[in-house]
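Accompanying notes for the structure given below.
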There are 2 protein chains.
Amino acid sequence: MERLFDEELNNLKEKLLRMAALVEEDVELSIEALTERKEEPAREILRREETVNLLDVEIDETCLRLLALRQPMAGDLRLITSAMKIGSDLERMGDLSVNLAEQALELAKMPLLKPLIDIPRMARLVQAMVRDSINAFINRDECLARRVCERDDEIDALDDQVFRELLTYMMQDPSTIARAVALILVGRNLERIADHATNIGEDVIYLVKGKTIKHHIDKKREYGCLPDAPPAKV
Amino acid sequence: MERLFDEELNNLKEKLLRMAALVEEDVELSIEALTERKEEPAREILRREETVNLLDVEIDETCLRLLALRQPMAGDLRLITSAMKIGSDLERMGDLSVNLAEQALELAKMPLLKPLIDIPRMARLVQAMVRDSINAFINRDECLARRVCERDDEIDALDDQVFRELLTYMMQDPSTIARAVALILVGRNLERIADHATNIGEDVIYLVKGKTIKHHIDKKREYGCLPDAPPAKV
């Protein structure tokens, strides 16, 4: 019984790893499509979306089954509810990759605005965040999870830089507007993927420590804004 | 024991209702800030964000406690895991409202681009989606939940219309670019709030029917792309 449960948990982790690998590759493909102005990598993202969606549904169903049949306590309970949340985050990342693919297809039809530098840099950072966030989950690595969360600010700063630079392009030459707006949206989509990786990082810290760092809740509890956390066992 | 559990579930629903009411009002405030070019409603959104975040954490903790201590089965189990997901969706909506507030503050500093028509229309629809999605959850109203999901396409179409109109403004007069881009992002944020309301609608349908309509999974199961659903009891 115990061994079967462990097997099911491993199976769950494996599915999350597969999903994360797909999302990470999606980001890779989107950058290939954007920088080399190729349609095929973008179409590949569109084809793969279904697999990501199906994995999310399977993860949800597995988690519900484990909750109902095994009635797990403490750590296992947190592990399973975290897995459900992480599945949702990865699924949203898949949706955002589809947006990236559509923007790449749109941009491939128009003349090149400028060689892309900051956007591929952002994309590499985002890829690493996706990879690290899921590895932090699998290995219960709190330090790695914290590093993922910290990198979110870097992404926000890069997105802001991309945004401002593209505004100047548009202002100098209105014929660049459609392309510049498309690239601004690419930046926003990458930034949102990074947000989801950060959510996963926060969930991992909660999983390992048994307390939330979301919204700096601990600080607020100290100051009396929130009731005490439920007993650590839960 | 049974009565205590019901009380706790009611308490949970009440918290979700409070969160949803805050988010709905946020959308209202953002439109007031945008159309009347006032700073105060936008600042009010920024002040309220903390409450939304705290409610999300409290909902999560309540759900984990209920899962651990009550070991609920079947319907109650789905109710609790749905509540966790809905809390996350509402919290993200709160974040998106903060984006709206920041964009409204930015726009209030610049001359009026044009009287806003489609954006307030989108906002009213989004507000109704937020309200209906949470009412569908509280009343287990599958029809209402389906109507929420159906309205998502209308929002996407409006967002697209806003986007295209603003592109033409920018092309005709580059001095409008910064304002037009800000309004494009307002449209995108509203559209994302609608996406989260749609997620809630999908969760409600899952809660009531015990099967997912996400990604048209049933169709795919028929075609043999997915293993069968777990037994209906789970």
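Every chain in the structure tokens takes a letter, A first, then B, and so on in the order presented; its residues are numbered from 1, and the ligands are numbered from 1 following the presented order.
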Close residues, Thr81 (chain B) itself excluded, 9 Å, only C-alpha atoms, min 2 positions apart in chain, as a PyMOL selection string: (chain A and resi 64+81+84) or (chain B and resi 63+67+76-79+83-86)
Produce a file of the selected residues containing N, CA and C atoms, as a PDB file, in the first residue's frame.
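File again-v9.pdb, as written:
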ATOM      1  N   LEU A  64      -6.611  14.334  -7.392  1.00  0.00           N
ATOM      2  CA  LEU A  64      -7.906  14.123  -6.732  1.00  0.00           C
ATOM      3  C   LEU A  64      -8.045  12.679  -6.275  1.00  0.00           C
ATOM      4  N   THR A  81      -1.344  18.950  -3.164  1.00  0.00           N
ATOM      5  CA  THR A  81      -2.016  20.205  -3.535  1.00  0.00           C
ATOM      6  C   THR A  81      -1.045  21.125  -4.286  1.00  0.00           C
ATOM      7  N   MET A  84      -1.035  20.095  -7.934  1.00  0.00           N
ATOM      8  CA  MET A  84      -2.200  20.613  -8.674  1.00  0.00           C
ATOM      9  C   MET A  84      -1.960  22.046  -9.127  1.00  0.00           C
TER      10      MET A  84
ATOM     11  N   CYS B  63      -8.327  25.499   3.375  1.00  0.00           N
ATOM     12  CA  CYS B  63      -8.527  24.299   2.549  1.00  0.00           C
ATOM     13  C   CYS B  63      -7.597  23.178   2.984  1.00  0.00           C
ATOM     14  N   LEU B  67      -8.736  19.572   4.359  1.00  0.00           N
ATOM     15  CA  LEU B  67      -8.298  18.328   3.710  1.00  0.00           C
ATOM     16  C   LEU B  67      -7.634  17.403   4.727  1.00  0.00           C
ATOM     17  N   ASP B  76     -17.327  16.908  -1.504  1.00  0.00           N
ATOM     18  CA  ASP B  76     -16.660  17.875  -0.635  1.00  0.00           C
ATOM     19  C   ASP B  76     -15.194  18.047  -1.014  1.00  0.00           C
ATOM     20  N   LEU B  77     -14.572  16.945  -1.412  1.00  0.00           N
ATOM     21  CA  LEU B  77     -13.169  17.007  -1.824  1.00  0.00           C
ATOM     22  C   LEU B  77     -13.026  17.918  -3.043  1.00  0.00           C
ATOM     23  N   ARG B  78     -13.904  17.720  -4.020  1.00  0.00           N
ATOM     24  CA  ARG B  78     -13.858  18.581  -5.211  1.00  0.00           C
ATOM     25  C   ARG B  78     -14.151  20.025  -4.859  1.00  0.00           C
ATOM     26  N   LEU B  79     -15.105  20.228  -3.927  1.00  0.00           N
ATOM     27  CA  LEU B  79     -15.442  21.588  -3.508  1.00  0.00           C
ATOM     28  C   LEU B  79     -14.209  22.294  -2.942  1.00  0.00           C
ATOM     29  N   ALA B  83     -12.090  25.383  -4.464  1.00  0.00           N
ATOM     30  CA  ALA B  83     -11.968  26.635  -3.724  1.00  0.00           C
ATOM     31  C   ALA B  83     -10.522  27.138  -3.754  1.00  0.00           C
ATOM     32  N   MET B  84      -9.556  26.209  -3.642  1.00  0.00           N
ATOM     33  CA  MET B  84      -8.147  26.604  -3.695  1.00  0.00           C
ATOM     34  C   MET B  84      -7.815  27.237  -5.041  1.00  0.00           C
ATOM     35  N   LYS B  85      -8.309  26.598  -6.108  1.00  0.00           N
ATOM     36  CA  LYS B  85      -8.020  27.119  -7.453  1.00  0.00           C
ATOM     37  C   LYS B  85      -8.691  28.464  -7.671  1.00  0.00           C
ATOM     38  N   ILE B  86      -9.930  28.581  -7.206  1.00  0.00           N
ATOM     39  CA  ILE B  86     -10.673  29.826  -7.408  1.00  0.00           C
ATOM     40  C   ILE B  86      -9.992  30.965  -6.644  1.00  0.00           C
TER      41      ILE B  86
END
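Proximity to region 8-19 of chain A at 7 Å, evaluated using only C-alpha atoms and with sequence-adjacent residues fewer than 3 positions away removed, yields Leu4, Phe5, Leu22, Val23, Val52, Leu55, Ile59, Gly87, Leu90, Ile134 and Ile138 of chain A.
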Write to file, as a compact mmCIF listing (two decimals), in the first residue's frame, the residues of the selection just made, with N, CA and C atoms.
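Writing the result to part.txt gives the following:
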# COMPACT_ATOMS: atom_id res chain seq x y z
N LEU A 4 2.85 1.47 -3.20
CA LEU A 4 2.00 1.87 -4.31
C LEU A 4 1.81 3.39 -4.30
N PHE A 5 1.63 3.92 -3.10
CA PHE A 5 1.45 5.36 -2.94
C PHE A 5 2.69 6.11 -3.43
N LEU A 22 8.28 20.34 -21.80
CA LEU A 22 7.58 20.83 -23.00
C LEU A 22 7.52 22.36 -23.02
N VAL A 23 7.21 22.95 -21.86
CA VAL A 23 7.12 24.41 -21.79
C VAL A 23 8.48 25.06 -22.05
N VAL A 52 0.34 19.43 -23.58
CA VAL A 52 0.45 20.14 -22.30
C VAL A 52 -0.90 20.18 -21.60
N LEU A 55 -1.83 16.77 -20.16
CA LEU A 55 -1.05 16.45 -18.96
C LEU A 55 -1.63 17.17 -17.75
N ILE A 59 -2.90 15.29 -14.43
CA ILE A 59 -2.31 15.60 -13.12
C ILE A 59 -3.41 15.92 -12.11
N GLY A 87 0.72 22.22 -11.86
CA GLY A 87 0.14 21.80 -13.14
C GLY A 87 -0.60 22.96 -13.80
N LEU A 90 1.89 25.48 -15.18
CA LEU A 90 2.53 25.03 -16.42
C LEU A 90 1.56 25.10 -17.59
N ILE A 134 10.95 23.74 -11.58
CA ILE A 134 10.46 22.36 -11.48
C ILE A 134 11.49 21.47 -10.81
N ILE A 138 10.99 19.03 -7.59
CA ILE A 138 11.32 17.60 -7.55
C ILE A 138 12.31 17.30 -6.42
Who sits within 9 Å of region 194-207 of chain B, only C-alpha atoms, same chain under 4 positions skipped, as an MDAnalysis selection string: chainID B and resid 75 78:79 82 85:86 89:90 92:93 125:127 129:134 136:137 140:152 155:156 189:190 211:214
Using only N, CA and C atoms, please write the residues we just selected to a file, as a CSV table (one decimal), in the first residue's frame.
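What landed in selection-v7.csv:
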chain,number,residue,atom,x,y,z
B,75,GLY,N,-17.8,14.8,-3.4
B,75,GLY,CA,-18.2,16.1,-3.6
B,75,GLY,C,-17.5,17.2,-2.8
B,78,ARG,N,-13.9,17.7,-4.0
B,78,ARG,CA,-13.9,18.6,-5.2
B,78,ARG,C,-14.2,20.0,-4.9
B,79,LEU,N,-15.1,20.2,-3.9
B,79,LEU,CA,-15.4,21.6,-3.5
B,79,LEU,C,-14.2,22.3,-2.9
B,82,SER,N,-11.5,22.9,-5.6
B,82,SER,CA,-12.0,24.0,-6.5
B,82,SER,C,-11.8,25.3,-5.8
B,85,LYS,N,-8.3,26.6,-6.1
B,85,LYS,CA,-8.0,27.1,-7.5
B,85,LYS,C,-8.7,28.5,-7.7
B,86,ILE,N,-9.9,28.6,-7.2
B,86,ILE,CA,-10.7,29.8,-7.4
B,86,ILE,C,-10.0,31.0,-6.6
B,89,ASP,N,-7.2,32.1,-8.7
B,89,ASP,CA,-7.6,32.9,-9.9
B,89,ASP,C,-8.0,34.3,-9.4
B,90,LEU,N,-8.7,34.4,-8.3
B,90,LEU,CA,-9.1,35.8,-7.8
B,90,LEU,C,-7.9,36.6,-7.4
B,92,ARG,N,-4.9,36.4,-8.8
B,92,ARG,CA,-4.3,36.9,-10.0
B,92,ARG,C,-5.1,38.1,-10.6
B,93,MET,N,-6.5,38.0,-10.5
B,93,MET,CA,-7.3,39.1,-11.0
B,93,MET,C,-7.0,40.4,-10.2
B,125,LEU,N,-18.6,44.0,-19.0
B,125,LEU,CA,-18.8,42.6,-19.3
B,125,LEU,C,-17.9,41.8,-18.4
B,126,VAL,N,-16.6,42.2,-18.2
B,126,VAL,CA,-15.7,41.5,-17.3
B,126,VAL,C,-16.2,41.5,-15.9
B,127,GLN,N,-16.7,42.6,-15.4
B,127,GLN,CA,-17.3,42.6,-14.1
B,127,GLN,C,-18.4,41.6,-13.9
B,129,MET,N,-18.8,38.9,-15.6
B,129,MET,CA,-18.2,37.6,-15.6
B,129,MET,C,-17.7,37.2,-14.3
B,130,VAL,N,-17.0,38.2,-13.6
B,130,VAL,CA,-16.5,37.9,-12.3
B,130,VAL,C,-17.6,37.5,-11.3
B,131,ARG,N,-18.7,38.4,-11.3
B,131,ARG,CA,-19.8,38.2,-10.4
B,131,ARG,C,-20.5,36.9,-10.7
B,132,ASP,N,-20.8,36.6,-12.0
B,132,ASP,CA,-21.5,35.4,-12.3
B,132,ASP,C,-20.6,34.1,-12.0
B,133,SER,N,-19.3,34.2,-12.2
B,133,SER,CA,-18.5,33.0,-12.0
B,133,SER,C,-18.6,32.6,-10.5
B,134,ILE,N,-18.5,33.6,-9.6
B,134,ILE,CA,-18.5,33.2,-8.2
B,134,ILE,C,-19.9,32.8,-7.8
B,136,ALA,N,-22.0,31.3,-9.6
B,136,ALA,CA,-22.2,30.0,-10.2
B,136,ALA,C,-21.5,29.0,-9.2
B,137,PHE,N,-20.4,29.3,-8.6
B,137,PHE,CA,-19.7,28.4,-7.7
B,137,PHE,C,-20.6,28.3,-6.4
B,140,ARG,N,-23.7,26.4,-7.2
B,140,ARG,CA,-23.5,25.2,-8.0
B,140,ARG,C,-24.3,25.3,-9.3
B,141,ASP,N,-24.3,26.4,-9.9
B,141,ASP,CA,-25.2,26.7,-11.1
B,141,ASP,C,-24.4,26.4,-12.4
B,142,GLU,N,-24.6,25.3,-12.9
B,142,GLU,CA,-23.8,24.9,-14.1
B,142,GLU,C,-24.1,25.8,-15.3
B,143,CYS,N,-25.4,26.1,-15.5
B,143,CYS,CA,-25.8,26.9,-16.6
B,143,CYS,C,-25.2,28.3,-16.6
B,144,LEU,N,-25.2,28.9,-15.4
B,144,LEU,CA,-24.5,30.2,-15.3
B,144,LEU,C,-23.0,30.1,-15.6
B,145,ALA,N,-22.4,29.0,-15.1
B,145,ALA,CA,-21.0,28.8,-15.3
B,145,ALA,C,-20.7,28.7,-16.9
B,146,ARG,N,-21.6,28.0,-17.5
B,146,ARG,CA,-21.4,27.8,-19.0
B,146,ARG,C,-21.5,29.2,-19.7
B,147,ARG,N,-22.5,30.0,-19.2
B,147,ARG,CA,-22.6,31.3,-19.9
B,147,ARG,C,-21.4,32.2,-19.7
B,148,VAL,N,-20.8,32.0,-18.5
B,148,VAL,CA,-19.5,32.8,-18.3
B,148,VAL,C,-18.5,32.4,-19.3
B,149,CYS,N,-18.3,31.1,-19.5
B,149,CYS,CA,-17.3,30.6,-20.4
B,149,CYS,C,-17.6,31.1,-21.8
B,150,GLU,N,-18.9,31.1,-22.2
B,150,GLU,CA,-19.2,31.5,-23.5
B,150,GLU,C,-18.9,32.9,-23.8
B,151,ARG,N,-19.0,33.8,-22.8
B,151,ARG,CA,-18.8,35.2,-23.0
B,151,ARG,C,-17.3,35.5,-23.2
B,152,ASP,N,-16.4,34.6,-23.0
B,152,ASP,CA,-15.0,34.9,-23.1
B,152,ASP,C,-14.7,35.3,-24.6
B,155,ILE,N,-15.4,38.9,-25.2
B,155,ILE,CA,-14.3,39.8,-24.7
B,155,ILE,C,-13.1,39.8,-25.6
B,156,ASP,N,-12.7,38.6,-26.1
B,156,ASP,CA,-11.6,38.5,-27.0
B,156,ASP,C,-11.8,39.3,-28.3
B,189,ASN,N,-5.2,43.5,-20.1
B,189,ASN,CA,-5.4,43.2,-18.7
B,189,ASN,C,-6.9,42.8,-18.4
B,190,LEU,N,-7.8,43.5,-19.1
B,190,LEU,CA,-9.2,43.2,-18.9
B,190,LEU,C,-9.5,41.8,-19.5
B,211,LYS,N,-16.9,16.2,-14.2
B,211,LYS,CA,-15.9,16.0,-15.3
B,211,LYS,C,-15.5,17.3,-15.9
B,212,THR,N,-14.4,17.3,-16.5
B,212,THR,CA,-13.8,18.6,-17.0
B,212,THR,C,-14.2,18.9,-18.4
B,213,ILE,N,-14.5,20.3,-18.6
B,213,ILE,CA,-14.7,20.7,-20.0
B,213,ILE,C,-13.5,21.4,-20.5
B,214,LYS,N,-12.5,21.5,-19.6
B,214,LYS,CA,-11.3,22.2,-20.1
B,214,LYS,C,-10.7,21.5,-21.3
Residue list for chain A near chain B as number ranges by chain, 6 Å, only C-alpha atoms: A: 65, 68, 71, 73, 171, 174, 234
Shell around region 34-37 of chain B at 9 Å using only C-alpha atoms, local window under 4 positions removed, as a PyMOL selection string: chain B and resi 29-30+42+100-101+103-105+107-109+112+115-116+120
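Of note, CA of Val98 (chain B) and CA of Leu46 (chain B) are spaced 6.0 Å apart.
For the pair CA of Glu165 (chain B) and CA of Glu102 (chain A), the separation is 19.9 Å.
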Two-atom distance - CA of Glu40 (chain A), CA of Asp160 (chain B) (Å): 25.3 Å
